[in-house]
$ cat model.pdb   # PDB, C-alpha atoms and all ligand atoms
ATOM      1  CA  MET V   1       4.577 -19.440  12.048  1.00  0.00           C
ATOM      2  CA  THR V   2       4.175 -15.701  11.993  1.00  0.00           C
ATOM      3  CA  ALA V   3       0.791 -14.138  12.422  1.00  0.00           C
ATOM      4  CA  THR V   4      -0.512 -12.423   9.342  1.00  0.00           C
ATOM      5  CA  VAL V   5      -2.020  -9.021   9.770  1.00  0.00           C
ATOM      6  CA  LYS V   6      -5.481  -8.590   8.401  1.00  0.00           C
ATOM      7  CA  THR V   7      -5.476  -5.662   6.055  1.00  0.00           C
ATOM      8  CA  ARG V   8      -7.953  -4.254   3.643  1.00  0.00           C
ATOM      9  CA  ILE V   9      -5.291  -2.507   1.650  1.00  0.00           C
ATOM     10  CA  ARG V  10      -4.739  -3.947  -1.778  1.00  0.00           C
ATOM     11  CA  LYS V  11      -2.475  -3.530  -4.731  1.00  0.00           C
ATOM     12  CA  ASP V  12      -3.051  -0.284  -6.679  1.00  0.00           C
ATOM     13  CA  ASP V  13      -4.595   1.493  -3.679  1.00  0.00           C
ATOM     14  CA  GLU V  14      -3.390   4.965  -2.917  1.00  0.00           C
ATOM     15  CA  VAL V  15      -2.048   5.129   0.611  1.00  0.00           C
ATOM     16  CA  ILE V  16      -0.569   7.736   2.906  1.00  0.00           C
ATOM     17  CA  ILE V  17       2.299   7.016   5.243  1.00  0.00           C
ATOM     18  CA  ILE V  18       1.338   7.907   8.794  1.00  0.00           C
ATOM     19  CA  ALA V  19       4.529   7.086  10.678  1.00  0.00           C
ATOM     20  CA  GLY V  20       8.243   6.834  10.166  1.00  0.00           C
ATOM     21  CA  ARG V  21      10.743   8.561   7.949  1.00  0.00           C
ATOM     22  CA  ASP V  22       8.334   9.086   5.048  1.00  0.00           C
ATOM     23  CA  LYS V  23       5.416  10.269   7.156  1.00  0.00           C
ATOM     24  CA  GLY V  24       2.956  12.251   5.041  1.00  0.00           C
ATOM     25  CA  ALA V  25       4.125  10.767   1.741  1.00  0.00           C
ATOM     26  CA  ARG V  26       1.583   9.296  -0.602  1.00  0.00           C
ATOM     27  CA  GLY V  27       1.889   6.587  -3.172  1.00  0.00           C
ATOM     28  CA  LYS V  28       0.379   3.645  -4.921  1.00  0.00           C
ATOM     29  CA  VAL V  29       0.658   0.178  -3.424  1.00  0.00           C
ATOM     30  CA  ILE V  30       2.696  -1.982  -5.732  1.00  0.00           C
ATOM     31  CA  ARG V  31       2.682  -5.081  -3.577  1.00  0.00           C
ATOM     32  CA  VAL V  32       1.124  -6.353  -0.356  1.00  0.00           C
ATOM     33  CA  LEU V  33       3.253  -8.750   1.664  1.00  0.00           C
ATOM     34  CA  PRO V  34       0.827 -10.251   4.209  1.00  0.00           C
ATOM     35  CA  GLN V  35       3.391 -12.659   5.658  1.00  0.00           C
ATOM     36  CA  ASP V  36       5.647  -9.751   6.522  1.00  0.00           C
ATOM     37  CA  SER V  37       2.773  -7.453   7.518  1.00  0.00           C
ATOM     38  CA  SER V  38       4.151  -4.936   5.088  1.00  0.00           C
ATOM     39  CA  VAL V  39       3.503  -3.226   1.795  1.00  0.00           C
ATOM     40  CA  LEU V  40       5.603  -1.827  -1.001  1.00  0.00           C
ATOM     41  CA  VAL V  41       4.570   1.680  -1.994  1.00  0.00           C
ATOM     42  CA  ALA V  42       5.795   3.204  -5.257  1.00  0.00           C
ATOM     43  CA  LYS V  43       8.474   5.856  -4.755  1.00  0.00           C
ATOM     44  CA  VAL V  44       8.221   5.738  -0.969  1.00  0.00           C
ATOM     45  CA  ASN V  45      10.857   4.430   1.427  1.00  0.00           C
ATOM     46  CA  MET V  46      13.416   4.174  -1.343  1.00  0.00           C
ATOM     47  CA  ILE V  47      16.677   2.452  -0.633  1.00  0.00           C
ATOM     48  CA  LYS V  48      19.810   2.359  -2.676  1.00  0.00           C
ATOM     49  CA  ARG V  49      20.840  -1.042  -3.716  1.00  0.00           C
ATOM     50  CA  HIS V  50      24.118  -2.019  -5.187  1.00  0.00           C
ATOM     51  CA  THR V  51      23.862  -4.523  -7.978  1.00  0.00           C
ATOM     52  CA  ARG V  52      26.576  -6.533  -9.511  1.00  0.00           C
ATOM     53  CA  GLN V  53      27.285  -6.309 -13.188  1.00  0.00           C
ATOM     54  CA  THR V  54      25.563  -9.040 -15.170  1.00  0.00           C
ATOM     55  CA  GLU V  55      25.020  -9.842 -18.823  1.00  0.00           C
ATOM     56  CA  ASN V  56      21.755  -7.923 -18.784  1.00  0.00           C
ATOM     57  CA  SER V  57      22.615  -4.917 -16.704  1.00  0.00           C
ATOM     58  CA  ALA V  58      25.548  -2.637 -16.254  1.00  0.00           C
ATOM     59  CA  GLY V  59      25.349  -2.923 -12.472  1.00  0.00           C
ATOM     60  CA  GLY V  60      25.780  -0.023 -10.128  1.00  0.00           C
ATOM     61  CA  ILE V  61      23.375   1.587  -7.719  1.00  0.00           C
ATOM     62  CA  ILE V  62      19.647   1.376  -8.232  1.00  0.00           C
ATOM     63  CA  ASP V  63      16.816   2.860  -6.202  1.00  0.00           C
ATOM     64  CA  LYS V  64      14.357   0.350  -4.903  1.00  0.00           C
ATOM     65  CA  GLU V  65      11.296   0.440  -2.667  1.00  0.00           C
ATOM     66  CA  ALA V  66      11.716  -1.069   0.789  1.00  0.00           C
ATOM     67  CA  PRO V  67       8.700  -2.587   2.539  1.00  0.00           C
ATOM     68  CA  LEU V  68       6.733  -0.436   4.984  1.00  0.00           C
ATOM     69  CA  ALA V  69       4.810  -1.863   7.934  1.00  0.00           C
ATOM     70  CA  ILE V  70       1.119  -2.080   7.126  1.00  0.00           C
ATOM     71  CA  SER V  71       0.397  -0.391  10.458  1.00  0.00           C
ATOM     72  CA  ASN V  72       2.287   2.673   9.207  1.00  0.00           C
ATOM     73  CA  VAL V  73       0.109   3.233   6.158  1.00  0.00           C
ATOM     74  CA  GLN V  74      -3.523   4.168   5.699  1.00  0.00           C
ATOM     75  CA  TYR V  75      -5.773   4.159   2.696  1.00  0.00           C
ATOM     76  CA  PHE V  76      -5.920   7.648   1.212  1.00  0.00           C
ATOM     77  CA  CYS V  77      -9.514   8.671   0.577  1.00  0.00           C
ATOM     78  CA  ALA V  78      -9.709  11.110  -2.344  1.00  0.00           C
ATOM     79  CA  LYS V  79     -12.927  12.555  -0.969  1.00  0.00           C
ATOM     80  CA  CYS V  80     -11.734  13.091   2.606  1.00  0.00           C
ATOM     81  CA  LYS V  81      -8.237  14.049   1.391  1.00  0.00           C
ATOM     82  CA  ALA V  82      -6.881  12.120   4.336  1.00  0.00           C
ATOM     83  CA  GLY V  83      -5.791   8.703   5.482  1.00  0.00           C
ATOM     84  CA  VAL V  84      -8.802   6.712   6.588  1.00  0.00           C
ATOM     85  CA  ARG V  85      -9.764   3.342   7.915  1.00  0.00           C
ATOM     86  CA  LEU V  86     -11.736   1.053   5.688  1.00  0.00           C
ATOM     87  CA  ALA V  87     -14.975  -0.713   6.356  1.00  0.00           C
ATOM     88  CA  VAL V  88     -16.502  -3.540   4.370  1.00  0.00           C
ATOM     89  CA  LYS V  89     -20.070  -3.352   3.244  1.00  0.00           C
ATOM     90  CA  THR V  90     -22.151  -6.028   1.581  1.00  0.00           C
ATOM     91  CA  LEU V  91     -24.221  -4.780  -1.320  1.00  0.00           C
ATOM     92  CA  GLU V  92     -27.730  -5.959  -2.142  1.00  0.00           C
ATOM     93  CA  ASP V  93     -26.363  -8.292  -4.802  1.00  0.00           C
ATOM     94  CA  GLY V  94     -24.052  -9.908  -2.251  1.00  0.00           C
ATOM     95  CA  ARG V  95     -20.880  -8.233  -3.434  1.00  0.00           C
ATOM     96  CA  LYS V  96     -18.529  -7.038  -0.729  1.00  0.00           C
ATOM     97  CA  VAL V  97     -17.069  -3.612  -1.261  1.00  0.00           C
ATOM     98  CA  ARG V  98     -14.729  -1.472   0.778  1.00  0.00           C
ATOM     99  CA  THR V  99     -15.969   1.853   2.007  1.00  0.00           C
ATOM    100  CA  CYS V 100     -14.369   4.828   3.706  1.00  0.00           C
ATOM    101  CA  CYS V 101     -15.019   4.828   7.465  1.00  0.00           C
ATOM    102  CA  LYS V 102     -15.307   8.600   7.438  1.00  0.00           C
ATOM    103  CA  CYS V 103     -17.411   9.599   4.423  1.00  0.00           C
ATOM    104  CA  GLY V 104     -18.914   6.232   3.522  1.00  0.00           C
ATOM    105  CA  GLU V 105     -17.691   6.465  -0.069  1.00  0.00           C
ATOM    106  CA  VAL V 106     -17.661   3.092  -1.847  1.00  0.00           C
ATOM    107  CA  LEU V 107     -14.102   2.524  -2.960  1.00  0.00           C
ATOM    108  CA  ASP V 108     -14.484  -0.604  -5.072  1.00  0.00           C
ATOM    109  CA  ARG V 109     -16.364  -0.692  -8.326  1.00  0.00           C
TER     110      ARG V 109
HETATM  111 ZN    ZN V 201     -13.633   9.311   2.784  1.00  0.00          ZN
END

$ encode --input "model.pdb" --output "structure tokens"
Amino acid sequence: MTATVKTRIRKDDEVIIIAGRDKGARGKVIRVLPQDSSVLVAKVNMIKRHTRQTENSAGGIIDKEAPLAISNVQYFCAKCKAGVRLAVKTLEDGRKVRTCCKCGEVLDR
């Protein structure tokens, strides 16, 4: 059994890539893959994939997102304009929200 990495990044978050080929790129998380400790980020880490012709598609080469290691991405805080770590805060009504470690901005509504 592989260890799953604890991450606070979720689908639809904006993240910045902090290491690797696409370092500095930003994009929206389209999928979190906890078992693989990786995320899929829209339009980042694109790979070309050859597909075979089927009834529904003409086949050919399509661009597709390849998973990025979670450790190589950080949440992009719109206020800090930088990649930040996330903290979790419990509100008075018991709701848990994510906040920016740097500016304290509440990121979940
Ligand atoms: Zn911030």

$ residues_around --input "model.pdb" --residues "Leu68 in chain V" --least-positions-apart "3" --cutoff "8 Å" --atoms "only C-alpha atoms" --output "PyMOL selection string"
chain V and resi 38-41+45+72-73

$ resolve_selection --input "model.pdb" --expression "the PyMOL selection byres (((chain V and resi 62) around 10) and not hetatm)" --output "list in words"
Met46, Ile47, Lys48, Arg49, His50, Thr51, Gly59, Gly60, Ile61, Asp63 and Lys64 of chain V

$ resolve_selection --input "model.pdb" --expression "the PyMOL selection byres (((not hetatm)) within 7 of (chain V and resi 201))" --output "PDB file with C-alpha atoms, keeping the file's coordinate frame"
ATOM      1  CA  CYS V  77      -9.514   8.671   0.577  1.00  0.00           C
ATOM      2  CA  ALA V  78      -9.709  11.110  -2.344  1.00  0.00           C
ATOM      3  CA  LYS V  79     -12.927  12.555  -0.969  1.00  0.00           C
ATOM      4  CA  CYS V  80     -11.734  13.091   2.606  1.00  0.00           C
ATOM      5  CA  VAL V  84      -8.802   6.712   6.588  1.00  0.00           C
ATOM      6  CA  CYS V 100     -14.369   4.828   3.706  1.00  0.00           C
ATOM      7  CA  CYS V 101     -15.019   4.828   7.465  1.00  0.00           C
ATOM      8  CA  LYS V 102     -15.307   8.600   7.438  1.00  0.00           C
ATOM      9  CA  CYS V 103     -17.411   9.599   4.423  1.00  0.00           C
ATOM     10  CA  GLY V 104     -18.914   6.232   3.522  1.00  0.00           C
ATOM     11  CA  GLU V 105     -17.691   6.465  -0.069  1.00  0.00           C
TER      12      GLU V 105
END

$ residues_around --input "model.pdb" --residues "Asp22 in chain V" --least-positions-apart "2" --cutoff "7 Å" --atoms "only C-alpha atoms" --output "PyMOL selection string"
chain V and resi 17+20+24-25+44-45

$ closest_residue --input "model.pdb" --among "V:Ala19, V:Leu33, V:Val97, V:Leu107" --to "Phe76 in chain V" --atoms "all atoms listed in the file"
V:Leu107

$ closest_residue --input "model.pdb" --among "V:Gly27, V:Asp108, V:Ser57, V:Ala66" --to "Leu86 in chain V" --atoms "all atoms listed in the file"
V:Asp108

$ residues_around --input "model.pdb" --residues "Lys6 in chain V" --least-positions-apart "3" --cutoff "12 Å" --atoms "all atoms listed in the file" --output "short mmCIF file (atom, residue, chain, number, x, y, z; two decimals) with C-alpha atoms, keeping the file's coordinate frame"
data_model
loop_
_atom_site.label_atom_id
_atom_site.label_comp_id
_atom_site.auth_asym_id
_atom_site.auth_seq_id
_atom_site.Cartn_x
_atom_site.Cartn_y
_atom_site.Cartn_z
CA ALA V 3 0.79 -14.14 12.42
CA ILE V 9 -5.29 -2.51 1.65
CA ARG V 10 -4.74 -3.95 -1.78
CA VAL V 32 1.12 -6.35 -0.36
CA LEU V 33 3.25 -8.75 1.66
CA PRO V 34 0.83 -10.25 4.21
CA GLN V 35 3.39 -12.66 5.66
CA ASP V 36 5.65 -9.75 6.52
CA SER V 37 2.77 -7.45 7.52
CA SER V 38 4.15 -4.94 5.09
CA ILE V 70 1.12 -2.08 7.13
CA SER V 71 0.40 -0.39 10.46
CA LEU V 86 -11.74 1.05 5.69
#

$ atom_distance --input "model.pdb" --atom1 "CA of Ile18 in chain V" --atom2 "CA of Ala42 in chain V"
15.5 Å

$ residues_near_point --input "model.pdb" --point "(-6.9, 6.2, 4.2)" --cutoff "7 Å" --atoms "all atoms listed in the file" --output "list in words"
Val15, Ile16, Gln74, Tyr75, Phe76, Cys77, Ala82, Gly83, Val84 and Arg85 of chain V

$ atom_distance --input "model.pdb" --atom1 "CA of Lys43 in chain V" --atom2 "CA of Lys81 in chain V"
19.6 Å

$ atom_distance --input "model.pdb" --atom1 "CA of Arg8 in chain V" --atom2 "CA of Gly94 in chain V"
18.1 Å

$ resolve_selection --input "model.pdb" --expression "the PyMOL selection byres (((chain V and resi 12) around 8) and not hetatm)" --output "PDB file with C-alpha atoms, keeping the file's coordinate frame"
ATOM      1  CA  ARG V  10      -4.739  -3.947  -1.778  1.00  0.00           C
ATOM      2  CA  LYS V  11      -2.475  -3.530  -4.731  1.00  0.00           C
ATOM      3  CA  ASP V  13      -4.595   1.493  -3.679  1.00  0.00           C
ATOM      4  CA  GLU V  14      -3.390   4.965  -2.917  1.00  0.00           C
ATOM      5  CA  LYS V  28       0.379   3.645  -4.921  1.00  0.00           C
ATOM      6  CA  VAL V  29       0.658   0.178  -3.424  1.00  0.00           C
ATOM      7  CA  ILE V  30       2.696  -1.982  -5.732  1.00  0.00           C
TER       8      ILE V  30
END

$ decode --input "model.pdb" --residues "range 54-97 of chain V" --atoms "N, CA and C atoms" --output "mmCIF file, in the first residue's frame"
data_model
loop_
_atom_site.group_PDB
_atom_site.id
_atom_site.type_symbol
_atom_site.label_atom_id
_atom_site.label_comp_id
_atom_site.auth_asym_id
_atom_site.auth_seq_id
_atom_site.Cartn_x
_atom_site.Cartn_y
_atom_site.Cartn_z
ATOM 1 N N THR V 54 -11.175 5.750 -33.798
ATOM 2 C CA THR V 54 -12.328 4.978 -33.355
ATOM 3 C C THR V 54 -13.566 5.502 -34.063
ATOM 4 N N GLU V 55 -14.691 4.921 -33.750
ATOM 5 C CA GLU V 55 -15.954 5.370 -34.347
ATOM 6 C C GLU V 55 -16.249 6.824 -34.003
ATOM 7 N N ASN V 56 -15.845 7.212 -32.781
ATOM 8 C CA ASN V 56 -16.196 8.544 -32.296
ATOM 9 C C ASN V 56 -15.145 9.612 -32.542
ATOM 10 N N SER V 57 -13.945 9.214 -32.810
ATOM 11 C CA SER V 57 -12.922 10.230 -33.035
ATOM 12 C C SER V 57 -12.049 9.861 -34.225
ATOM 13 N N ALA V 58 -11.484 10.879 -34.800
ATOM 14 C CA ALA V 58 -10.670 10.679 -35.989
ATOM 15 C C ALA V 58 -9.291 10.111 -35.655
ATOM 16 N N GLY V 59 -8.935 10.133 -34.351
ATOM 17 C CA GLY V 59 -7.613 9.685 -33.967
ATOM 18 C C GLY V 59 -6.586 10.760 -34.215
ATOM 19 N N GLY V 60 -5.340 10.437 -33.998
ATOM 20 C CA GLY V 60 -4.295 11.424 -34.196
ATOM 21 C C GLY V 60 -3.609 11.765 -32.895
ATOM 22 N N ILE V 61 -3.101 12.991 -32.829
ATOM 23 C CA ILE V 61 -2.357 13.398 -31.641
ATOM 24 C C ILE V 61 -3.179 14.412 -30.863
ATOM 25 N N ILE V 62 -3.369 14.140 -29.594
ATOM 26 C CA ILE V 62 -4.083 15.103 -28.757
ATOM 27 C C ILE V 62 -3.178 15.538 -27.605
ATOM 28 N N ASP V 63 -3.400 16.766 -27.146
ATOM 29 C CA ASP V 63 -2.657 17.256 -25.987
ATOM 30 C C ASP V 63 -3.437 16.907 -24.731
ATOM 31 N N LYS V 64 -2.707 16.467 -23.740
ATOM 32 C CA LYS V 64 -3.353 15.995 -22.528
ATOM 33 C C LYS V 64 -2.494 16.393 -21.335
ATOM 34 N N GLU V 65 -3.143 16.675 -20.199
ATOM 35 C CA GLU V 65 -2.389 17.024 -19.008
ATOM 36 C C GLU V 65 -1.794 15.764 -18.382
ATOM 37 N N ALA V 66 -0.530 15.868 -17.971
ATOM 38 C CA ALA V 66 0.094 14.768 -17.236
ATOM 39 C C ALA V 66 0.144 15.162 -15.763
ATOM 40 N N PRO V 67 0.026 14.180 -14.869
ATOM 41 C CA PRO V 67 0.006 14.516 -13.443
ATOM 42 C C PRO V 67 1.319 15.154 -12.978
ATOM 43 N N LEU V 68 1.185 16.081 -12.037
ATOM 44 C CA LEU V 68 2.335 16.734 -11.410
ATOM 45 C C LEU V 68 2.366 16.283 -9.947
ATOM 46 N N ALA V 69 3.557 16.137 -9.402
ATOM 47 C CA ALA V 69 3.663 15.772 -7.983
ATOM 48 C C ALA V 69 3.093 16.897 -7.132
ATOM 49 N N ILE V 70 2.300 16.520 -6.145
ATOM 50 C CA ILE V 70 1.694 17.521 -5.264
ATOM 51 C C ILE V 70 2.771 18.394 -4.618
ATOM 52 N N SER V 71 3.917 17.795 -4.328
ATOM 53 C CA SER V 71 4.997 18.556 -3.684
ATOM 54 C C SER V 71 5.580 19.625 -4.608
ATOM 55 N N ASN V 72 5.258 19.552 -5.895
ATOM 56 C CA ASN V 72 5.774 20.548 -6.839
ATOM 57 C C ASN V 72 4.800 21.685 -7.112
ATOM 58 N N VAL V 73 3.645 21.655 -6.464
ATOM 59 C CA VAL V 73 2.689 22.739 -6.664
ATOM 60 C C VAL V 73 2.334 23.380 -5.324
ATOM 61 N N GLN V 74 1.964 24.650 -5.399
ATOM 62 C CA GLN V 74 1.504 25.362 -4.215
ATOM 63 C C GLN V 74 0.246 26.126 -4.558
ATOM 64 N N TYR V 75 -0.597 26.286 -3.576
ATOM 65 C CA TYR V 75 -1.795 27.094 -3.769
ATOM 66 C C TYR V 75 -1.369 28.510 -4.129
ATOM 67 N N PHE V 76 -2.042 29.106 -5.123
ATOM 68 C CA PHE V 76 -1.702 30.465 -5.507
ATOM 69 C C PHE V 76 -2.665 31.425 -4.828
ATOM 70 N N CYS V 77 -2.153 32.217 -3.917
ATOM 71 C CA CYS V 77 -2.990 33.184 -3.201
ATOM 72 C C CYS V 77 -3.103 34.446 -4.034
ATOM 73 N N ALA V 78 -4.333 34.831 -4.369
ATOM 74 C CA ALA V 78 -4.566 36.006 -5.219
ATOM 75 C C ALA V 78 -4.150 37.284 -4.506
ATOM 76 N N LYS V 79 -4.199 37.269 -3.204
ATOM 77 C CA LYS V 79 -3.842 38.457 -2.425
ATOM 78 C C LYS V 79 -2.322 38.612 -2.317
ATOM 79 N N CYS V 80 -1.644 37.511 -2.038
ATOM 80 C CA CYS V 80 -0.180 37.547 -1.914
ATOM 81 C C CYS V 80 0.493 37.549 -3.288
ATOM 82 N N LYS V 81 -0.243 37.153 -4.326
ATOM 83 C CA LYS V 81 0.294 36.974 -5.666
ATOM 84 C C LYS V 81 1.505 36.044 -5.642
ATOM 85 N N ALA V 82 1.370 34.977 -4.884
ATOM 86 C CA ALA V 82 2.471 34.030 -4.758
ATOM 87 C C ALA V 82 1.927 32.675 -4.321
ATOM 88 N N GLY V 83 2.764 31.671 -4.478
ATOM 89 C CA GLY V 83 2.421 30.348 -3.975
ATOM 90 C C GLY V 83 2.554 30.350 -2.469
ATOM 91 N N VAL V 84 1.586 29.805 -1.797
ATOM 92 C CA VAL V 84 1.592 29.835 -0.327
ATOM 93 C C VAL V 84 1.235 28.469 0.233
ATOM 94 N N ARG V 85 1.533 28.314 1.508
ATOM 95 C CA ARG V 85 1.056 27.125 2.206
ATOM 96 C C ARG V 85 -0.298 27.446 2.808
ATOM 97 N N LEU V 86 -1.063 26.409 3.029
ATOM 98 C CA LEU V 86 -2.412 26.611 3.547
ATOM 99 C C LEU V 86 -2.496 26.165 4.997
ATOM 100 N N ALA V 87 -3.305 26.884 5.733
ATOM 101 C CA ALA V 87 -3.599 26.495 7.103
ATOM 102 C C ALA V 87 -5.089 26.220 7.192
ATOM 103 N N VAL V 88 -5.502 25.504 8.195
ATOM 104 C CA VAL V 88 -6.934 25.257 8.372
ATOM 105 C C VAL V 88 -7.370 25.911 9.673
ATOM 106 N N LYS V 89 -8.461 26.623 9.565
ATOM 107 C CA LYS V 89 -8.971 27.363 10.707
ATOM 108 C C LYS V 89 -10.408 26.922 10.959
ATOM 109 N N THR V 90 -10.769 26.788 12.205
ATOM 110 C CA THR V 90 -12.147 26.444 12.530
ATOM 111 C C THR V 90 -12.894 27.713 12.906
ATOM 112 N N LEU V 91 -13.997 27.940 12.206
ATOM 113 C CA LEU V 91 -14.793 29.137 12.456
ATOM 114 C C LEU V 91 -15.659 28.951 13.698
ATOM 115 N N GLU V 92 -16.260 30.037 14.147
ATOM 116 C CA GLU V 92 -17.104 29.983 15.340
ATOM 117 C C GLU V 92 -18.266 29.005 15.204
ATOM 118 N N ASP V 93 -18.758 28.867 13.962
ATOM 119 C CA ASP V 93 -19.884 27.943 13.760
ATOM 120 C C ASP V 93 -19.407 26.504 13.535
ATOM 121 N N GLY V 94 -18.127 26.260 13.714
ATOM 122 C CA GLY V 94 -17.610 24.900 13.597
ATOM 123 C C GLY V 94 -17.124 24.518 12.216
ATOM 124 N N ARG V 95 -17.365 25.382 11.239
ATOM 125 C CA ARG V 95 -16.922 25.085 9.887
ATOM 126 C C ARG V 95 -15.410 25.204 9.793
ATOM 127 N N LYS V 96 -14.804 24.297 9.039
ATOM 128 C CA LYS V 96 -13.366 24.381 8.824
ATOM 129 C C LYS V 96 -13.110 25.044 7.471
ATOM 130 N N VAL V 97 -12.290 26.048 7.483
ATOM 131 C CA VAL V 97 -11.965 26.724 6.234
ATOM 132 C C VAL V 97 -10.448 26.753 6.070
#
